[in-house]
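These notes are about the structure you will find just below.
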Amino acid sequence: MDFELSEEQSILKDSLTRLLADKYGFEQRKKYMAAPEGWSADMWRQYAEMGLMALPFSEEDGGIGGGPVDTMIVMEALGGALALEPYFPTVVLGGGFLRLGGNDALRTELAPRVAEGSLKLAFAHTERNSRYDLSQVGTKAKKDGSGWRLSGAKGVVIGGDSADRLIVTARTAGGNGDEKGIGLFLVDVNADGVSRRGYPMQDGQRAAEVTLENVAVPAEAVFGDPEDGLPLAYRVADQGIAALSAEAVGVMSAMHALTVDYMKVRKQFGVPIGSFQVLQ
C-alpha cells in the first residue's frame, strides 16, 4: 500500500500548515475565541478560498472531489493549531450527511453553499443519558400532512450555536434504543419552535443546547427513509471518528514538537534537560 501523498495533497498540507502557523499563534487564538462567534470569520473565509469546504463534495455538487485522505490532511493541520472554526461539524459531519444521504434537491441547494463557506451545518443527536449510543433517541417526529413535526431536546451540538441548518435525529416509530424508527431531518435554525443556547467547551470550540417545540419539517428535508436513518448516521459517525483521530494526531504532533524544543533550551545543573537519559 502506498502511503505517500500526491503532489496535490502535499501542496494542500504545506499551504494549510503555513496559513495556520502564520495566523494561529497563542494570542491570536485567544482573540478568535473572544469573538462573538467564538472563532475567526476571516479564517473561515480563507479556508473557503483554499477550497477546504469544497474538498469532499463531488464536482457535480460544486465541490472538488477529494477523498478521505484529503480530509485527514485538513483535520490533522487544524488539530496542530487547535483551530476553533466549525470545519468538523459543517464539512465532515454535515457534509457527510449531504453527500451520502441527501436527495438531489438537497445536494443541489446546499452543497455549493457549504463549499463556498456561506452555509454552516451541525449534527444534533446527543440527548440526556444517551452517551455514545446512536439508537438512544427520544426526540419525536410526528407526521403532519406530507411533512413532519419535531419535538425534543438535543445537547452538546458541536458548532450548533453558529450553524444555519441542523441535521436532527428524531424517532418516528418504536422506543428508545430501537435501531429502527429513527429519521434524519434537516432543520432551519430560524424555524418557529427552535431555540439554542451556545457555550464554549473545554477545548475552546463551541456547542449548543437545542430545543425543538413542534418544529415543522417539509418532506423534502428528510435524509432517506424516515424510519431507517440510523445506518446513515452510523456511516457518518464512523467518518467523523476517523477525522477526529487525524485531528488528535495533529494535536499530539504539535505537543511532541513543543516538548522536544523545550528540552533543548531548558537547563538543569548547567546542561539542557534533553541530555538526561530518562528524557531521551
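A note on labels: chains of the C-alpha cells are A, B, ... as shown, every chain counts residues from 1, and ligands are counted from 1 in their shown order.
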
Could you list, with a cut-off of 12 Å and counting only C-alpha atoms, the residues of region 127-153 of chain A near region 182-203 of chain A, each shown with its nearest atom pair and the distance in Å rounded to one decimal, rows sorted by chain and ascending number, as a Markdown table?
| residue | atom | partner | partner_atom | distance |
| --- | --- | --- | --- | --- |
| A:Leu134 | CA | A:Ile182 | CA | 9.7 |
| A:Ser135 | CA | A:Ile182 | CA | 7.8 |
| A:Gln136 | CA | A:Ile182 | CA | 9.6 |
| A:Val137 | CA | A:Ile182 | CA | 7.5 |
| A:Gly138 | CA | A:Ile182 | CA | 9.5 |
| A:Thr139 | CA | A:Ile182 | CA | 9.5 |
| A:Lys140 | CA | A:Ile182 | CA | 9.1 |
| A:Ala141 | CA | A:Gly183 | CA | 8.0 |
| A:Lys142 | CA | A:Gly183 | CA | 10.7 |
| A:Lys143 | CA | A:Gly183 | CA | 11.7 |
| A:Gly147 | CA | A:Phe185 | CA | 10.4 |
| A:Trp148 | CA | A:Phe185 | CA | 9.0 |
| A:Arg149 | CA | A:Gly193 | CA | 10.1 |
| A:Leu150 | CA | A:Phe185 | CA | 8.9 |
| A:Ser151 | CA | A:Gly193 | CA | 8.6 |
| A:Gly152 | CA | A:Val194 | CA | 10.0 |
| A:Ala153 | CA | A:Ser195 | CA | 9.6 |

Dump of all heavy atoms for the selected residues, as a short mmCIF file (atom, residue, chain, number, x, y, z; two decimals), in the first residue's frame:
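Dumped to again.cif:
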data_model
loop_
_atom_site.label_atom_id
_atom_site.label_comp_id
_atom_site.auth_asym_id
_atom_site.auth_seq_id
_atom_site.Cartn_x
_atom_site.Cartn_y
_atom_site.Cartn_z
N LEU A 134 -26.06 5.63 19.46
CA LEU A 134 -26.81 6.39 18.46
C LEU A 134 -28.28 5.99 18.40
O LEU A 134 -29.10 6.73 17.84
CB LEU A 134 -26.17 6.22 17.08
CG LEU A 134 -24.80 6.85 16.88
CD1 LEU A 134 -24.30 6.59 15.46
CD2 LEU A 134 -24.81 8.35 17.15
N SER A 135 -28.63 4.84 18.95
CA SER A 135 -30.03 4.42 18.92
C SER A 135 -30.84 5.00 20.06
O SER A 135 -32.07 4.85 20.10
CB SER A 135 -30.12 2.89 18.96
OG SER A 135 -29.66 2.38 20.19
N GLN A 136 -30.19 5.69 21.01
CA GLN A 136 -30.90 6.29 22.14
C GLN A 136 -31.45 7.66 21.71
O GLN A 136 -30.82 8.70 21.92
CB GLN A 136 -29.97 6.43 23.34
CG GLN A 136 -29.54 5.12 23.95
CD GLN A 136 -30.70 4.39 24.63
OE1 GLN A 136 -31.59 5.01 25.21
NE2 GLN A 136 -30.70 3.08 24.55
N VAL A 137 -32.59 7.64 21.09
CA VAL A 137 -33.22 8.86 20.56
C VAL A 137 -34.63 8.98 21.13
O VAL A 137 -35.47 8.11 20.91
CB VAL A 137 -33.28 8.84 19.02
CG1 VAL A 137 -34.03 10.06 18.49
CG2 VAL A 137 -31.88 8.78 18.43
N GLY A 138 -34.86 10.06 21.87
CA GLY A 138 -36.18 10.30 22.44
C GLY A 138 -36.94 11.42 21.76
O GLY A 138 -38.16 11.52 21.90
N THR A 139 -36.24 12.28 21.01
CA THR A 139 -36.90 13.34 20.26
C THR A 139 -37.91 12.72 19.29
O THR A 139 -37.61 11.74 18.61
CB THR A 139 -35.86 14.17 19.48
OG1 THR A 139 -34.99 14.80 20.41
CG2 THR A 139 -36.52 15.21 18.60
N LYS A 140 -39.12 13.30 19.25
CA LYS A 140 -40.21 12.71 18.48
C LYS A 140 -40.43 13.43 17.15
O LYS A 140 -40.31 14.65 17.06
CB LYS A 140 -41.51 12.75 19.28
CG LYS A 140 -41.47 11.99 20.61
CD LYS A 140 -41.26 10.50 20.41
CE LYS A 140 -41.33 9.76 21.75
NZ LYS A 140 -41.08 8.30 21.57
N ALA A 141 -40.76 12.65 16.14
CA ALA A 141 -41.17 13.19 14.84
C ALA A 141 -42.54 12.62 14.51
O ALA A 141 -42.69 11.40 14.41
CB ALA A 141 -40.15 12.82 13.76
N LYS A 142 -43.52 13.49 14.39
CA LYS A 142 -44.88 13.06 14.08
C LYS A 142 -45.27 13.53 12.69
O LYS A 142 -44.95 14.65 12.28
CB LYS A 142 -45.86 13.62 15.12
CG LYS A 142 -45.65 13.06 16.52
CD LYS A 142 -46.69 13.59 17.48
CE LYS A 142 -46.51 12.99 18.88
NZ LYS A 142 -47.55 13.50 19.83
N LYS A 143 -45.97 12.67 11.97
CA LYS A 143 -46.40 13.00 10.62
C LYS A 143 -47.37 14.17 10.66
O LYS A 143 -48.23 14.25 11.53
CB LYS A 143 -47.09 11.79 9.98
CG LYS A 143 -46.98 11.75 8.48
CD LYS A 143 -45.59 11.32 8.04
CE LYS A 143 -45.53 11.14 6.53
NZ LYS A 143 -45.60 12.40 5.76
N GLY A 147 -45.39 16.41 5.55
CA GLY A 147 -44.18 16.69 6.30
C GLY A 147 -44.19 16.10 7.70
O GLY A 147 -44.90 15.12 7.97
N TRP A 148 -43.41 16.73 8.60
CA TRP A 148 -43.24 16.21 9.95
C TRP A 148 -43.23 17.35 10.96
O TRP A 148 -42.98 18.50 10.61
CB TRP A 148 -41.93 15.43 10.05
CG TRP A 148 -41.85 14.25 9.14
CD1 TRP A 148 -41.48 14.25 7.83
CD2 TRP A 148 -42.17 12.90 9.47
NE1 TRP A 148 -41.55 12.98 7.32
CE2 TRP A 148 -41.96 12.12 8.31
CE3 TRP A 148 -42.60 12.26 10.64
CZ2 TRP A 148 -42.18 10.76 8.27
CZ3 TRP A 148 -42.81 10.89 10.61
CH2 TRP A 148 -42.60 10.15 9.44
N ARG A 149 -43.48 17.00 12.23
CA ARG A 149 -43.36 17.93 13.35
C ARG A 149 -42.40 17.32 14.38
O ARG A 149 -42.61 16.20 14.84
CB ARG A 149 -44.72 18.19 13.99
CG ARG A 149 -45.68 19.00 13.13
CD ARG A 149 -45.42 20.48 13.24
NE ARG A 149 -46.30 21.27 12.39
CZ ARG A 149 -46.35 22.60 12.39
NH1 ARG A 149 -45.57 23.28 13.22
NH2 ARG A 149 -47.16 23.24 11.59
N LEU A 150 -41.36 18.06 14.74
CA LEU A 150 -40.33 17.56 15.65
C LEU A 150 -40.44 18.23 17.01
O LEU A 150 -40.61 19.46 17.10
CB LEU A 150 -38.94 17.82 15.08
CG LEU A 150 -38.33 16.76 14.14
CD1 LEU A 150 -39.24 16.50 12.95
CD2 LEU A 150 -36.94 17.18 13.68
N SER A 151 -40.30 17.44 18.08
CA SER A 151 -40.29 17.97 19.44
C SER A 151 -39.28 17.18 20.27
O SER A 151 -39.26 15.94 20.23
CB SER A 151 -41.67 17.86 20.09
OG SER A 151 -42.62 18.67 19.42
N GLY A 152 -38.46 17.91 21.01
CA GLY A 152 -37.46 17.25 21.86
C GLY A 152 -36.33 18.19 22.18
O GLY A 152 -36.40 19.40 21.94
N ALA A 153 -35.25 17.64 22.74
CA ALA A 153 -34.09 18.45 23.14
C ALA A 153 -32.82 17.71 22.78
O ALA A 153 -32.72 16.48 22.95
CB ALA A 153 -34.13 18.75 24.63
#

Write out as a ChimeraX atom specification the residues lying within 9 Å of region 111-123 of chain A, counting only C-alpha atoms and excluding same-chain residues fewer than 4 positions away. /A:44-45,47-49,51-57,61-64,86-91,93-95,98-99,106-107,157-169

Residues of region 184-274 of chain A that have any atom at most 12 Å from an atom of region 16-30 of chain A: could you tabulate them with the shortest-distance atom pair and the distance in Å to one decimal, using only C-alpha atoms, ordered by chain and increasing number, as a Markdown table?
| residue | atom | partner | partner_atom | distance |
| --- | --- | --- | --- | --- |
| A:Asp203 | CA | A:Arg29 | CA | 11.6 |
| A:Gly204 | CA | A:Lys30 | CA | 9.2 |
| A:Gln205 | CA | A:Arg29 | CA | 11.0 |
| A:Gly250 | CA | A:Thr17 | CA | 10.6 |
| A:Ala254 | CA | A:Ala21 | CA | 11.2 |

Please report, as JSON lines, each residue of region 42-93 of chain A lying at most 8 Å from region 236-246 of chain A, together with the nearest pair of atoms and the separation in Å rounded to one decimal; use only C-alpha atoms, and order rows by chain and ascending residue number.
{"residue": "A:Thr71", "atom": "CA", "partner": "A:Ala243", "partner_atom": "CA", "distance": 7.0}
{"residue": "A:Met72", "atom": "CA", "partner": "A:Ala246", "partner_atom": "CA", "distance": 5.5}
{"residue": "A:Ile73", "atom": "CA", "partner": "A:Ala246", "partner_atom": "CA", "distance": 7.5}
{"residue": "A:Met75", "atom": "CA", "partner": "A:Ala246", "partner_atom": "CA", "distance": 5.8}
{"residue": "A:Glu76", "atom": "CA", "partner": "A:Ala246", "partner_atom": "CA", "distance": 4.8}
{"residue": "A:Gly79", "atom": "CA", "partner": "A:Ala246", "partner_atom": "CA", "distance": 7.7}
{"residue": "A:Phe88", "atom": "CA", "partner": "A:Gly240", "partner_atom": "CA", "distance": 7.8}
{"residue": "A:Val92", "atom": "CA", "partner": "A:Gly240", "partner_atom": "CA", "distance": 6.3}
{"residue": "A:Leu93", "atom": "CA", "partner": "A:Val236", "partner_atom": "CA", "distance": 6.3}

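Closest approach to Pro231 (chain A) from the set A:Tyr32, A:Leu100, A:Glu8, A:Arg131 is made by A:Leu100, with distances taken over only C-alpha atoms.
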
Legend entry - Expected answer as a PyMOL selection string: alpha helix (DSSP H) residues in region 22-250 of chain A: chain A and resi 22-23+26-34+41-50+68-81+87+95-101+104-115+230-250

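Counting from CA of Ala34 (chain A), the distance to CA of Ala207 (chain A) is 14.9 Å.
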
- prompt: Hey, what's within 8 Å of Gly224 (chain A) if we count only C-alpha atoms and toss same-chain stuff fewer than 5 positions away? As a PyMOL selection string, please?
  reply: chain A and resi 101-103+184+229

I'd like to know which of A:Gly80, A:Pro68, A:Val222, A:Ala35 is closest to Ala257 (chain A), using only C-alpha atoms.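 Of the candidates, the smallest distance to Ala257 (chain A) is held by A:Gly80.
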
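Across the model, the gap from CA of Gln46 (chain A) to CA of Glu209 (chain A) is 28.6 Å.
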
Exercise. Rank A:Gly270, A:Pro218, A:Gly38, A:Gly181 by their smallest atom-to-atom distance to Ala83 (chain A), using only C-alpha atoms, and report the top residue only.
Key: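 Of A:Gly270, A:Pro218, A:Gly38, A:Gly181, the one nearest Ala83 (chain A), counting only C-alpha atoms, is A:Gly38.
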
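We find CA of Ala173 (chain A) and CA of Leu230 (chain A) to be spaced 12.5 Å apart.
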